[in-house]
Amino acid sequence: MENNPILSVDTKKKEKLGDLSRSGKVLCQETPQTYDHDYGHLAKGKVVPGGLYDMKRNEGYVSIGTNYETARFLADNIIWWWENYGIHHYPDATHLLIYCDCGGANGYRHHAFKKELQRVARLIGIRIVVVHYPPYCSKWNPIEHRLFSQMHLQASGCIFHSYEQVKNIFQATSTKTGLKVFVRINPKIYQIKLGIKKEQVDSKRILHHKELPQFNYTILP
């Protein structure tokens, strides 16, 4: 019987690193000192959480980026998950099923995302079946209410002083249903506005499904 992984993929809202106030409440022994405004020039850096949620194992895998949310950033997260966890949990997998939002770095219209998924499929050697939620339906993506919402509660009111601290906060996220979260810091610098054209995507390695072909397709290795 086939045992194939089902992942929900997305990025969480970006945060600013530094002595900047955040909404929420947290118990502490003394009042934290922060600026009363969160202007960008007061920040020490960016926190860009890119997540994968394994729907079968109820596990979250989060990469903390430091600059931009890009298609390559998301693709690198999938490769990190596969090489360190996925290949061990699903050694007999024949394909990888991914649920994505309609827009953002993993949008269905972006040629860069398809090109990066082709790179991933080639590296891991199995098919990638992609399902995009239609516009305005991202709230139904499991990663939103099973992982990111719990991470938000865990980090509520916490001041993000360092990347290592953010990693520890996110990694401590858990639920009564047994959610586990694994986190890494990804300091790689990603370029934006690369202008990937349709011709740069290998159309022969993309099979569009009969139902809603613009949202559902398979990437061949």
# chains A, B, ... in the order shown; residues from 1 in each chain; ligands from 1
>>> select_by_dssp(residues="stretch 2-221 of chain A", states="strand (DSSP E or B)", output="number ranges by chain")
A: 6-11, 15-17, 20, 35, 45-54, 59-65, 95-100, 127-132, 180-186, 206-208, 216-219
>>> select_by_dssp(residues="stretch 38-96 of chain A", states="helix (DSSP H, G or I)", output="PyMOL selection string")
chain A and resi 40-42+71-89
>>> residues_around(residues="A:Pro213", least_positions_apart="2", cutoff="12 Å", atoms="only C-alpha atoms", output="PyMOL selection string")
chain A and resi 108-109+129-132+134+206-211+215-218
>>> closest_residue(among="A:Ile78, A:Leu123, A:Ala71, A:Leu27", to="A:His110", atoms="only C-alpha atoms")
A:Ala71
>>> atom_distance(atom1="atom CA of A:His161", atom2="atom CA of A:Asp19")
6.4 Å
>>> closest_residue(among="A:Gln171, A:Ile189, A:Lys115, A:Ser162", to="A:Lys204", atoms="only C-alpha atoms")
A:Lys115
>>> closest_residue(among="A:His152, A:Arg184, A:Lys16, A:Lys114", to="A:Lys167", atoms="only C-alpha atoms")
A:Arg184
>>> residues_around(residues="A:Asn4", least_positions_apart="3", cutoff="12 Å", atoms="only C-alpha atoms", output="list in words")
Met1, Leu7, Asp54, Met55, Lys56, Arg57, Gly86, Ile87, His88, His89, Tyr90, Pro91, Asp92, Ala93, Thr94, His95, Leu96, Leu97, Ile98, Ile126, Arg127, Ile128 and Val129 of chain A
